[in-house]
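Heads up: the structure comes next, in structure tokens.
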Amino acid sequence: MTDVLRRGRASLAFGFFAQGAAFAVLVTRIPAIQDRYGVSDGLLPAFLAAVPVLAGVGSVCTEHLVKRVPPSHVLRWSQPVVLLALLGVGAGDSLWELGLSLAAFGLAVGALDASMNMLGVSLQHAYGRSIMLGFHAAYSLGGILGASLAWAGAHWDLTLFALYLPAVLVLLPAALVASRWYVDGDGNGGGAKDPAPGTSGGTGVAFKLLLPLCLVMAFAYIGDSTVSNWSAKYLQDVLGSSEQLATVPYNVYMVTTLLGRAVGDFGVRRFGAVA
């Protein structure tokens, strides 16, 4: 059992790492994506907002899907879709291709994020101690790699396809191999357990009370994601930075999140989650 959990933890950490890299290499090259497809400044926010909206749709669909399919299966097949959608962004040359690729990216990211965190929480329960922030630290590490690759692509004036293809060729097969060791809720690769009898009623009441707050948080997430995705565009067009420099702040941001997340689990174990 210990070896199963250890392999499951390592494989899931790689899943977080791969997603961090894929997302970073996309958002830090938004100015290049805009130039390639001729997206106007007025239309660009619609594309950027559509990704988190569709990610929300993908997450909600995953909530219902995992009642029939283990989260590990959802994660195993949503991660390749994310990576292939990233490659589609680099390979297309018309607006409908960009829209289709970003739509697939958003929906798959939603399914991936939901299933990835479901597996992380179930592993944390199996371990009996805080390990979730370590997974998010792996995401930050992937973000650092992705932003660094984006800097290299801008520095050597690589096309988006030339930048994305090697990343996908490395990450996609590695993610598929790692998915063999995902561990679901029962610690043995099975599906999530059903809630205990008599608990659903209380949960329903609590959810109704929290629904307005949840809606506010959902809209805030969409706004925050749209604004943060705009960062490279803002740096290049408003502050006059170069394409290379526009990728750096995201990298710095990922470094600081890595520092916080790397020590977060130890803090939770020492002082408790509330503190």
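The chains in the structure tokens are called A, B, ... from first to last as shown; in each chain the residues are counted from 1, and the ligands are counted from 1 in the order shown.
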
Can you list, as a PyMOL selection string, every protein, DNA or RNA residue that comes within 9 Å of segment 232-236 of chain A when you count only C-alpha atoms, leaving out same-chain residues fewer than 5 positions away?
-> chain A and resi 27-31+241-243+245-250

Residues at most 6 Å from segment 124-133 of chain A, counting only C-alpha atoms, excluding those fewer than 6 positions away in the same chain, as a PyMOL selection string?
-> chain A and resi 261+264-265

Include N, CA and C atoms and write out the residues we just selected as a PDB file, in the first residue's frame.
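Generated file (again.pdb):
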ATOM      1  N   ARG A 261       4.391  27.528  -1.612  1.00  0.00           N
ATOM      2  CA  ARG A 261       3.795  26.192  -1.640  1.00  0.00           C
ATOM      3  C   ARG A 261       4.761  25.120  -1.163  1.00  0.00           C
ATOM      4  N   GLY A 264       4.407  25.197   2.491  1.00  0.00           N
ATOM      5  CA  GLY A 264       3.039  25.244   3.001  1.00  0.00           C
ATOM      6  C   GLY A 264       2.617  24.005   3.751  1.00  0.00           C
ATOM      7  N   ASP A 265       2.920  22.819   3.209  1.00  0.00           N
ATOM      8  CA  ASP A 265       2.527  21.576   3.871  1.00  0.00           C
ATOM      9  C   ASP A 265       3.158  21.445   5.252  1.00  0.00           C
TER      10      ASP A 265
END

Could you tell me how far atom CA of Gly267 of chain A lies from atom CA of Tyr182 of chain A, in Å and to one decimal?
->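 Result for atom CA of Gly267 of chain A versus atom CA of Tyr182 of chain A: 26.2 Å, one decimal.
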
Segment 29-266 of chain A: residues DSSP assigns to alpha helix (DSSP H), reported as a count of residues only | 187

Near segment 44-50 of chain A, within 12 Å and counting only C-alpha atoms, which residues show up once chain neighbours fewer than 5 positions away are dropped, as a ChimeraX atom specification?
-> /A:26-27,30-31,33-35,37-39,55-57,95-96,98-107,110,219-231,233

Next, dump the selected residues to file, keeping only N, CA and C atoms, as a compact mmCIF listing (two decimals), in the first residue's frame.
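Result file out12.txt:
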# COMPACT_ATOMS: atom_id res chain seq x y z
N LEU A 26 1.35 28.90 -22.74
CA LEU A 26 0.26 29.50 -23.52
C LEU A 26 0.08 30.97 -23.17
N VAL A 27 -0.12 31.28 -21.86
CA VAL A 27 -0.50 32.65 -21.49
C VAL A 27 0.65 33.64 -21.67
N ILE A 30 0.68 35.15 -25.37
CA ILE A 30 -0.57 35.70 -25.90
C ILE A 30 -0.32 36.79 -26.94
N PRO A 31 0.64 37.71 -26.75
CA PRO A 31 0.89 38.70 -27.81
C PRO A 31 1.25 38.04 -29.15
N ILE A 33 0.33 35.03 -30.09
CA ILE A 33 -0.89 34.38 -30.57
C ILE A 33 -1.79 35.42 -31.25
N GLN A 34 -1.90 36.59 -30.63
CA GLN A 34 -2.71 37.66 -31.21
C GLN A 34 -2.18 38.09 -32.57
N ASP A 35 -0.87 38.21 -32.67
CA ASP A 35 -0.27 38.61 -33.94
C ASP A 35 -0.46 37.55 -35.01
N TYR A 37 -2.85 35.34 -35.37
CA TYR A 37 -4.23 35.18 -35.84
C TYR A 37 -4.90 36.50 -36.20
N GLY A 38 -4.22 37.60 -35.95
CA GLY A 38 -4.81 38.90 -36.26
C GLY A 38 -5.99 39.25 -35.39
N VAL A 39 -5.96 38.84 -34.12
CA VAL A 39 -7.05 39.12 -33.20
C VAL A 39 -6.98 40.59 -32.77
N ALA A 55 -13.60 26.37 -18.74
CA ALA A 55 -12.99 25.53 -17.70
C ALA A 55 -14.00 25.25 -16.59
N GLY A 56 -14.80 26.27 -16.24
CA GLY A 56 -15.85 26.05 -15.25
C GLY A 56 -16.86 25.03 -15.72
N VAL A 57 -17.24 25.11 -17.00
CA VAL A 57 -18.16 24.13 -17.57
C VAL A 57 -17.56 22.72 -17.49
N LEU A 95 -9.11 32.41 -37.35
CA LEU A 95 -9.76 32.65 -36.07
C LEU A 95 -10.59 31.46 -35.60
N TRP A 96 -11.26 30.76 -36.52
CA TRP A 96 -12.08 29.62 -36.09
C TRP A 96 -11.21 28.50 -35.54
N LEU A 98 -8.32 29.01 -33.96
CA LEU A 98 -7.94 29.47 -32.62
C LEU A 98 -9.08 29.29 -31.64
N GLY A 99 -10.30 29.66 -32.04
CA GLY A 99 -11.46 29.50 -31.16
C GLY A 99 -11.69 28.05 -30.80
N LEU A 100 -11.57 27.16 -31.78
CA LEU A 100 -11.79 25.73 -31.52
C LEU A 100 -10.72 25.18 -30.58
N SER A 101 -9.47 25.56 -30.80
CA SER A 101 -8.38 25.08 -29.96
C SER A 101 -8.51 25.59 -28.52
N LEU A 102 -8.85 26.88 -28.37
CA LEU A 102 -9.00 27.44 -27.02
C LEU A 102 -10.22 26.86 -26.32
N ALA A 103 -11.29 26.56 -27.07
CA ALA A 103 -12.46 25.94 -26.47
C ALA A 103 -12.12 24.55 -25.94
N ALA A 104 -11.41 23.78 -26.75
CA ALA A 104 -10.98 22.45 -26.31
C ALA A 104 -10.04 22.55 -25.12
N PHE A 105 -9.15 23.54 -25.16
CA PHE A 105 -8.22 23.76 -24.06
C PHE A 105 -8.98 24.08 -22.77
N GLY A 106 -9.94 25.00 -22.85
CA GLY A 106 -10.68 25.40 -21.67
C GLY A 106 -11.48 24.25 -21.06
N LEU A 107 -12.23 23.54 -21.88
CA LEU A 107 -13.04 22.42 -21.38
C LEU A 107 -12.16 21.34 -20.77
N GLY A 110 -10.68 22.40 -17.42
CA GLY A 110 -11.64 22.28 -16.34
C GLY A 110 -11.74 20.85 -15.83
N PHE A 219 -17.37 34.21 -10.46
CA PHE A 219 -17.20 35.37 -11.35
C PHE A 219 -15.87 36.07 -11.08
N ALA A 220 -15.47 36.10 -9.80
CA ALA A 220 -14.18 36.71 -9.47
C ALA A 220 -13.04 35.92 -10.11
N TYR A 221 -13.17 34.59 -10.13
CA TYR A 221 -12.15 33.75 -10.74
C TYR A 221 -12.04 34.03 -12.24
N ILE A 222 -13.20 34.18 -12.90
CA ILE A 222 -13.19 34.46 -14.33
C ILE A 222 -12.50 35.80 -14.60
N GLY A 223 -12.86 36.82 -13.80
CA GLY A 223 -12.24 38.13 -13.97
C GLY A 223 -10.75 38.10 -13.67
N ASP A 224 -10.39 37.43 -12.60
CA ASP A 224 -8.97 37.36 -12.22
C ASP A 224 -8.16 36.63 -13.28
N SER A 225 -8.70 35.53 -13.78
CA SER A 225 -7.98 34.76 -14.80
C SER A 225 -7.81 35.57 -16.07
N THR A 226 -8.87 36.30 -16.47
CA THR A 226 -8.79 37.10 -17.68
C THR A 226 -7.74 38.19 -17.55
N VAL A 227 -7.72 38.85 -16.39
CA VAL A 227 -6.75 39.93 -16.16
C VAL A 227 -5.33 39.39 -16.10
N SER A 228 -5.13 38.28 -15.39
CA SER A 228 -3.78 37.72 -15.28
C SER A 228 -3.28 37.21 -16.62
N ASN A 229 -4.18 36.67 -17.44
CA ASN A 229 -3.79 36.22 -18.78
C ASN A 229 -3.40 37.39 -19.68
N TRP A 230 -3.83 38.59 -19.31
CA TRP A 230 -3.55 39.80 -20.08
C TRP A 230 -2.16 40.35 -19.78
N SER A 231 -1.48 39.79 -18.79
CA SER A 231 -0.25 40.42 -18.26
C SER A 231 0.82 40.60 -19.34
N LYS A 233 0.48 40.78 -22.55
CA LYS A 233 0.00 41.77 -23.52
C LYS A 233 0.17 43.19 -22.95

Nearest to Leu12 of chain A by atom-to-atom distance, counting only C-alpha atoms, from A:Ala91, A:Val109, A:Ala138, A:Ala85 = A:Ala138

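The coordinates place atom CA of Ala262 of chain A at 13.9 Å from atom CA of Phe16 of chain A.
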